[in-house]
>>> print(open('target.pdb').read())   # PDB, C-alpha atoms
ATOM      1  CA  MET A   1      48.509  44.071 -31.789
ATOM      2  CA  PRO A   2      46.674  44.707 -28.478
ATOM      3  CA  VAL A   3      46.960  42.050 -25.763
ATOM      4  CA  THR A   4      43.226  41.295 -25.883
ATOM      5  CA  ALA A   5      43.393  40.741 -29.635
ATOM      6  CA  LYS A   6      46.334  38.341 -29.242
ATOM      7  CA  LEU A   7      44.512  36.453 -26.505
ATOM      8  CA  TYR A   8      41.351  36.199 -28.596
ATOM      9  CA  LYS A   9      43.342  34.960 -31.580
ATOM     10  CA  SER A  10      45.092  32.336 -29.424
ATOM     11  CA  VAL A  11      41.823  31.011 -28.003
ATOM     12  CA  LEU A  12      40.511  30.507 -31.529
ATOM     13  CA  LYS A  13      43.319  28.048 -32.280
ATOM     14  CA  PRO A  14      41.799  24.543 -32.383
ATOM     15  CA  TRP A  15      44.286  22.998 -29.964
ATOM     16  CA  ILE A  16      43.179  25.515 -27.327
ATOM     17  CA  ALA A  17      39.542  25.927 -28.342
ATOM     18  CA  ALA A  18      38.654  22.213 -28.219
ATOM     19  CA  PRO A  19      39.969  21.486 -24.681
ATOM     20  CA  LEU A  20      38.639  24.838 -23.502
ATOM     21  CA  LEU A  21      35.153  24.160 -24.873
ATOM     22  CA  ILE A  22      34.811  20.831 -23.075
ATOM     23  CA  SER A  23      36.323  22.289 -19.894
ATOM     24  CA  LEU A  24      33.739  25.077 -19.969
ATOM     25  CA  ILE A  25      30.945  22.538 -20.484
ATOM     26  CA  CYS A  26      32.053  20.715 -17.320
ATOM     27  CA  ILE A  27      32.197  23.981 -15.389
ATOM     28  CA  LEU A  28      28.810  25.103 -16.710
ATOM     29  CA  LEU A  29      27.190  21.820 -15.731
ATOM     30  CA  GLN A  30      28.605  22.209 -12.230
ATOM     31  CA  CYS A  31      26.806  25.543 -11.995
ATOM     32  CA  PHE A  32      23.564  23.569 -12.186
ATOM     33  CA  PRO A  33      23.932  20.879  -9.498
ATOM     34  CA  ASP A  34      20.685  19.173 -10.465
ATOM     35  CA  SER A  35      22.153  18.339 -13.876
ATOM     36  CA  GLY A  36      24.274  15.633 -12.269
ATOM     37  CA  ALA A  37      21.242  13.532 -11.383
ATOM     38  CA  PHE A  38      20.080  13.572 -15.011
ATOM     39  CA  LEU A  39      23.481  12.992 -16.618
ATOM     40  CA  GLU A  40      25.611  10.906 -14.225
ATOM     41  CA  TYR A  41      26.564   7.301 -14.827
ATOM     42  CA  SER A  42      23.857   5.447 -12.934
ATOM     43  CA  ARG A  43      23.894   1.691 -13.291
ATOM     44  CA  PRO A  44      20.179   1.053 -12.604
ATOM     45  CA  VAL A  45      19.067   3.827 -14.962
ATOM     46  CA  ILE A  46      21.481   2.800 -17.729
ATOM     47  CA  GLU A  47      20.193  -0.755 -17.495
ATOM     48  CA  SER A  48      16.666   0.603 -17.835
ATOM     49  CA  GLY A  49      17.557   2.208 -21.181
ATOM     50  CA  GLU A  50      19.164   5.634 -20.592
ATOM     51  CA  VAL A  51      22.357   4.622 -22.388
ATOM     52  CA  TRP A  52      23.468   8.212 -23.072
ATOM     53  CA  ARG A  53      24.679   8.334 -19.482
ATOM     54  CA  ILE A  54      27.604   6.161 -20.633
ATOM     55  CA  PHE A  55      28.910   9.383 -22.183
ATOM     56  CA  THR A  56      27.366  12.225 -20.188
ATOM     57  CA  GLY A  57      28.418  10.850 -16.808
ATOM     58  CA  HIS A  58      32.012  11.791 -17.549
ATOM     59  CA  PHE A  59      31.235  15.494 -17.819
ATOM     60  CA  VAL A  60      29.450  16.055 -14.503
ATOM     61  CA  HIS A  61      31.200  16.143 -11.123
ATOM     62  CA  TRP A  62      30.459  15.789  -7.427
ATOM     63  CA  SER A  63      31.883  19.106  -6.212
ATOM     64  CA  TRP A  64      33.770  22.222  -7.260
ATOM     65  CA  ASN A  65      36.966  20.726  -5.868
ATOM     66  CA  HIS A  66      36.356  17.655  -8.019
ATOM     67  CA  VAL A  67      35.664  19.636 -11.180
ATOM     68  CA  PHE A  68      38.644  21.971 -10.590
ATOM     69  CA  TRP A  69      41.282  19.234 -10.524
ATOM     70  CA  ASP A  70      39.648  17.178 -13.261
ATOM     71  CA  VAL A  71      39.208  20.093 -15.654
ATOM     72  CA  MET A  72      42.657  21.548 -15.014
ATOM     73  CA  THR A  73      44.267  18.209 -15.884
ATOM     74  CA  PHE A  74      41.987  17.772 -18.890
ATOM     75  CA  PHE A  75      42.800  21.197 -20.313
ATOM     76  CA  VAL A  76      46.594  20.863 -20.025
ATOM     77  CA  THR A  77      46.838  17.292 -21.310
ATOM     78  CA  GLY A  78      44.165  17.986 -23.923
ATOM     79  CA  ILE A  79      46.321  20.692 -25.490
ATOM     80  CA  ILE A  80      49.250  18.276 -25.801
ATOM     81  CA  VAL A  81      47.073  15.540 -27.302
ATOM     82  CA  TYR A  82      45.339  17.869 -29.753
ATOM     83  CA  LYS A  83      48.618  19.369 -30.942
ATOM     84  CA  SER A  84      49.911  15.845 -31.449
ATOM     85  CA  ARG A  85      46.905  14.714 -33.506
ATOM     86  CA  ALA A  86      43.396  16.211 -33.534
ATOM     87  CA  LEU A  87      41.868  12.860 -34.440
ATOM     88  CA  SER A  88      43.359  11.296 -31.310
ATOM     89  CA  PHE A  89      41.826  13.999 -29.106
ATOM     90  CA  TRP A  90      38.258  13.239 -30.173
ATOM     91  CA  LEU A  91      38.813   9.493 -30.486
ATOM     92  CA  LEU A  92      40.240   9.306 -26.961
ATOM     93  CA  ILE A  93      37.161  10.997 -25.522
ATOM     94  CA  PHE A  94      34.798   8.662 -27.392
ATOM     95  CA  VAL A  95      36.734   5.457 -26.682
ATOM     96  CA  THR A  96      37.404   6.279 -23.033
ATOM     97  CA  CYS A  97      33.766   7.117 -22.287
ATOM     98  CA  ILE A  98      32.713   3.718 -23.625
ATOM     99  CA  ALA A  99      35.636   1.781 -22.106
ATOM    100  CA  VAL A 100      35.334   3.242 -18.614
ATOM    101  CA  SER A 101      31.553   2.937 -18.492
ATOM    102  CA  ALA A 102      31.666  -0.639 -19.793
ATOM    103  CA  GLY A 103      34.403  -1.476 -17.301
ATOM    104  CA  LEU A 104      32.331  -0.119 -14.430
ATOM    105  CA  LEU A 105      29.248  -2.012 -15.593
ATOM    106  CA  PHE A 106      30.997  -5.375 -15.836
ATOM    107  CA  LEU A 107      33.857  -5.115 -13.329
ATOM    108  CA  HIS A 108      32.342  -2.880 -10.636
ATOM    109  CA  PRO A 109      28.722  -4.095 -10.339
ATOM    110  CA  ASP A 110      28.280  -2.656  -6.834
ATOM    111  CA  LEU A 111      28.914   0.904  -8.042
ATOM    112  CA  LYS A 112      25.587   2.667  -8.451
ATOM    113  CA  ALA A 113      26.724   6.145  -9.549
ATOM    114  CA  TYR A 114      29.851   7.678 -11.061
ATOM    115  CA  ARG A 115      30.835  11.154 -12.190
ATOM    116  CA  GLY A 116      33.980  12.797 -13.479
ATOM    117  CA  ILE A 117      36.268  13.322 -16.437
ATOM    118  CA  SER A 118      39.266  11.816 -14.634
ATOM    119  CA  GLY A 119      39.145   8.636 -16.728
ATOM    120  CA  ILE A 120      39.595  10.765 -19.841
ATOM    121  CA  ASP A 121      42.306  12.723 -17.999
ATOM    122  CA  LEU A 122      44.283   9.514 -17.528
ATOM    123  CA  ALA A 123      43.747   8.558 -21.172
ATOM    124  CA  PHE A 124      45.100  11.950 -22.246
ATOM    125  CA  PHE A 125      47.972  11.737 -19.760
ATOM    126  CA  SER A 126      48.931   8.246 -20.965
ATOM    127  CA  TYR A 127      48.775   9.292 -24.616
ATOM    128  CA  ALA A 128      50.703  12.525 -24.002
ATOM    129  CA  ALA A 129      53.462  10.708 -22.095
ATOM    130  CA  LEU A 130      53.849   8.158 -24.894
ATOM    131  CA  PHE A 131      53.922  10.956 -27.444
ATOM    132  CA  LEU A 132      56.782  12.589 -25.545
ATOM    133  CA  ILE A 133      58.631   9.272 -25.262
ATOM    134  CA  ARG A 134      58.607   9.003 -29.057
ATOM    135  CA  CYS A 135      60.610  12.221 -29.162
ATOM    136  CA  PHE A 136      63.637  10.024 -28.343
ATOM    137  CA  TYR A 137      63.553   8.884 -31.951
ATOM    138  CA  ARG A 138      63.400  12.498 -33.041
ATOM    139  CA  LYS A 139      66.599  13.271 -31.107
ATOM    140  CA  ASP A 140      64.849  15.233 -28.354
ATOM    141  CA  ARG A 141      66.092  13.318 -25.347
ATOM    142  CA  ILE A 142      64.818  15.785 -22.732
ATOM    143  CA  LEU A 143      61.194  15.478 -23.866
ATOM    144  CA  SER A 144      61.581  11.715 -24.149
ATOM    145  CA  ILE A 145      62.909  11.394 -20.582
ATOM    146  CA  THR A 146      60.102  13.672 -19.371
ATOM    147  CA  GLY A 147      57.580  11.343 -20.999
ATOM    148  CA  MET A 148      59.191   8.265 -19.418
ATOM    149  CA  ILE A 149      59.081   9.829 -15.958
ATOM    150  CA  ALA A 150      55.471  10.933 -16.457
ATOM    151  CA  PHE A 151      54.378   7.489 -17.658
ATOM    152  CA  ALA A 152      56.130   5.740 -14.753
ATOM    153  CA  ALA A 153      54.605   8.206 -12.266
ATOM    154  CA  MET A 154      51.153   7.531 -13.723
ATOM    155  CA  ILE A 155      51.556   3.783 -13.228
ATOM    156  CA  VAL A 156      52.756   4.271  -9.637
ATOM    157  CA  LYS A 157      49.788   6.596  -8.993
ATOM    158  CA  ILE A 158      47.273   4.036 -10.281
ATOM    159  CA  ILE A 159      48.865   1.226  -8.249
ATOM    160  CA  TYR A 160      48.830   3.386  -5.102
ATOM    161  CA  GLU A 161      45.195   4.392  -5.597
ATOM    162  CA  THR A 162      44.151   0.798  -6.256
ATOM    163  CA  ALA A 163      45.985  -0.471  -3.178
ATOM    164  CA  THR A 164      44.884   2.249  -0.767
ATOM    165  CA  GLY A 165      41.647   3.606  -2.224
ATOM    166  CA  SER A 166      43.020   7.118  -1.677
ATOM    167  CA  ALA A 167      43.902   9.806  -4.214
ATOM    168  CA  VAL A 168      47.478  11.040  -4.479
ATOM    169  CA  PHE A 169      46.850  14.767  -4.985
ATOM    170  CA  VAL A 170      43.148  15.478  -4.552
ATOM    171  CA  ASN A 171      40.940  15.666  -1.487
ATOM    172  CA  THR A 172      38.150  13.191  -2.254
ATOM    173  CA  SER A 173      35.918  14.019   0.690
ATOM    174  CA  GLY A 174      32.332  14.050  -0.522
ATOM    175  CA  TYR A 175      32.767  11.397  -3.189
ATOM    176  CA  ARG A 176      34.312   7.991  -3.714
ATOM    177  CA  LEU A 177      37.527   7.484  -5.662
ATOM    178  CA  ILE A 178      37.223   4.796  -8.348
ATOM    179  CA  PRO A 179      40.761   3.653  -9.293
ATOM    180  CA  LEU A 180      39.347   1.278 -11.923
ATOM    181  CA  SER A 181      38.249   4.223 -14.060
ATOM    182  CA  HIS A 182      41.803   5.616 -13.968
ATOM    183  CA  ALA A 183      43.350   2.278 -14.918
ATOM    184  CA  ILE A 184      40.928   1.818 -17.820
ATOM    185  CA  GLY A 185      41.489   5.401 -18.957
ATOM    186  CA  ALA A 186      45.264   4.933 -18.983
ATOM    187  CA  ALA A 187      44.849   1.683 -20.942
ATOM    188  CA  ALA A 188      42.568   3.450 -23.451
ATOM    189  CA  GLY A 189      45.196   6.146 -23.944
ATOM    190  CA  PHE A 190      47.823   3.500 -24.589
ATOM    191  CA  ALA A 191      45.568   1.634 -27.044
ATOM    192  CA  VAL A 192      44.696   4.738 -29.069
ATOM    193  CA  TRP A 193      48.342   5.801 -29.178
ATOM    194  CA  LEU A 194      49.410   2.313 -30.269
ATOM    195  CA  PHE A 195      46.875   1.942 -33.074
ATOM    196  CA  ILE A 196      46.617   5.554 -34.235
ATOM    197  CA  ASP A 197      49.785   7.499 -33.497
ATOM    198  CA  ALA A 198      52.342   4.680 -33.510
ATOM    199  CA  GLY A 199      50.470   2.891 -36.298
ATOM    200  CA  ILE A 200      50.422   5.937 -38.582
ATOM    201  CA  ALA A 201      54.078   6.649 -37.831
ATOM    202  CA  GLY A 202      54.914   3.039 -38.629
ATOM    203  CA  ASP A 203      53.021   3.200 -41.940
ATOM    204  CA  ARG A 204      54.902   6.339 -42.908
ATOM    205  CA  ALA A 205      58.228   4.766 -42.055
ATOM    206  CA  GLY A 206      57.350   1.663 -44.064
ATOM    207  CA  ALA A 207      56.233   3.750 -47.042
ATOM    208  CA  GLY A 208      59.721   5.192 -47.324
ATOM    209  CA  LYS A 209      61.335   1.766 -47.743
ATOM    210  CA  THR A 210      61.699  -0.178 -50.952
ATOM    211  CA  GLY A 211      62.417  -3.844 -51.374
TER     212      GLY A 211
END
>>> encode(input="target.pdb", output="structure tokens")
Amino acid sequence: MPVTAKLYKSVLKPWIAAPLLISLICILLQCFPDSGAFLEYSRPVIESGEVWRIFTGHFVHWSWNHVFWDVMTFFVTGIIVYKSRALSFWLLIFVTCIAVSAGLLFLHPDLKAYRGISGIDLAFFSYAALFLIRCFYRKDRILSITGMIAFAAMIVKIIYETATGSAVFVNTSGYRLIPLSHAIGAAAGFAVWLFIDAGIAGDRAGAGKTG
């Protein structure tokens, strides 16, 4: 089979196609800078009735540097989450959009505008790390230890960003880092994993027992 045919067939796989589609939407929106003003999270405009910005604000970005790092993280972690459970992939996006936007509205009242998919990135990262940690019970210690290290590193990253207001890896010149969105995203990832992934696994384990 030719290389192009193999590549095309791989892209059509849902666990690649879904993260890729949303990544391309973010990139496409960045090609039209004016779209940010119509789609970003904007507290005054949301309060005036444009509630869709609670969702759309997460898919527009401040700069190409911003969109590059956000989308790269989203694509990689999105593949892991989707392969784990497709339902969790879509539920994480929905829940995190609402949770982060609500958190900013109630806990960060001075913030007028927000853009970026990084909150969803942290939700995916949190979920993916917890998924890997569960591999301990499946006798894959290497993946489990990798998940533990990743989860611990995520917590340290959020604490550092909250304490300093500076990003660990990304140059945030041109926009303001909002650590609260990362903390809420990570919490959303944990919540979805706990109630969906761990809950389903627990139900299956219980179904195999008899009294």
>>> resolve_selection(input="target.pdb", expression="the PyMOL selection byres ((chain A and resi 167-178) around 9)", output="list in words")
Trp62, Ser63, Asn65, His66, Trp69, Tyr114, Lys157, Tyr160, Glu161, Thr162, Thr164, Gly165, Ser166, Pro179, Leu180, Ser181 and His182 of chain A
>>> atom_distance(input="target.pdb", atom1="atom CA of Leu28 of chain A", atom2="atom CA of Phe94 of chain A")
20.5 Å
>>> residues_around(input="target.pdb", residues="Val45 of chain A", least_positions_apart="6", cutoff="12 Å", atoms="only C-alpha atoms", output="number ranges by chain")
A: 37-39, 51-54, 57, 105, 112-113
>>> resolve_selection(input="target.pdb", expression="the PyMOL selection byres ((chain A and resi 188) around 8)", output="NGL selection string")
:A and (92 or 95-96 or 99 or 123 or 184-187 or 189-192)
>>> atom_distance(input="target.pdb", atom1="atom CA of Ile79 of chain A", atom2="atom CA of Val100 of chain A")
21.7 Å
>>> closest_residue(input="target.pdb", among="A:Ser101, A:Ile27, A:Ala128, A:Phe106", to="Met148 of chain A", atoms="all atoms listed in the file")
A:Ala128
>>> residues_around(input="target.pdb", residues="segment 71-74 of chain A", least_positions_apart="6", cutoff="9 Å", atoms="all atoms listed in the file", output="list in words")
Pro19, Ile22, Ser23, Leu24, Cys26, Ile27, Ile117, Ser118, Ile120, Asp121, Leu122, Phe124 and Phe125 of chain A
>>> atom_distance(input="target.pdb", atom1="atom CA of Ser84 of chain A", atom2="atom CA of Leu29 of chain A")
28.3 Å
>>> residues_around(input="target.pdb", residues="Leu143 of chain A", least_positions_apart="4", cutoff="8 Å", atoms="only C-alpha atoms", output="number ranges by chain")
A: 132-133, 135-136, 147
>>> write_last_selection(input="target.pdb", atoms="C-alpha atoms", output="CSV table (one decimal), in the coordinates of the input")
chain,number,residue,atom,x,y,z
A,132,LEU,CA,56.8,12.6,-25.5
A,133,ILE,CA,58.6,9.3,-25.3
A,135,CYS,CA,60.6,12.2,-29.2
A,136,PHE,CA,63.6,10.0,-28.3
A,147,GLY,CA,57.6,11.3,-21.0
>>> closest_residue(input="target.pdb", among="A:Val60, A:Cys97, A:Leu104, A:Leu20", to="Gly78 of chain A", atoms="only C-alpha atoms")
A:Leu20
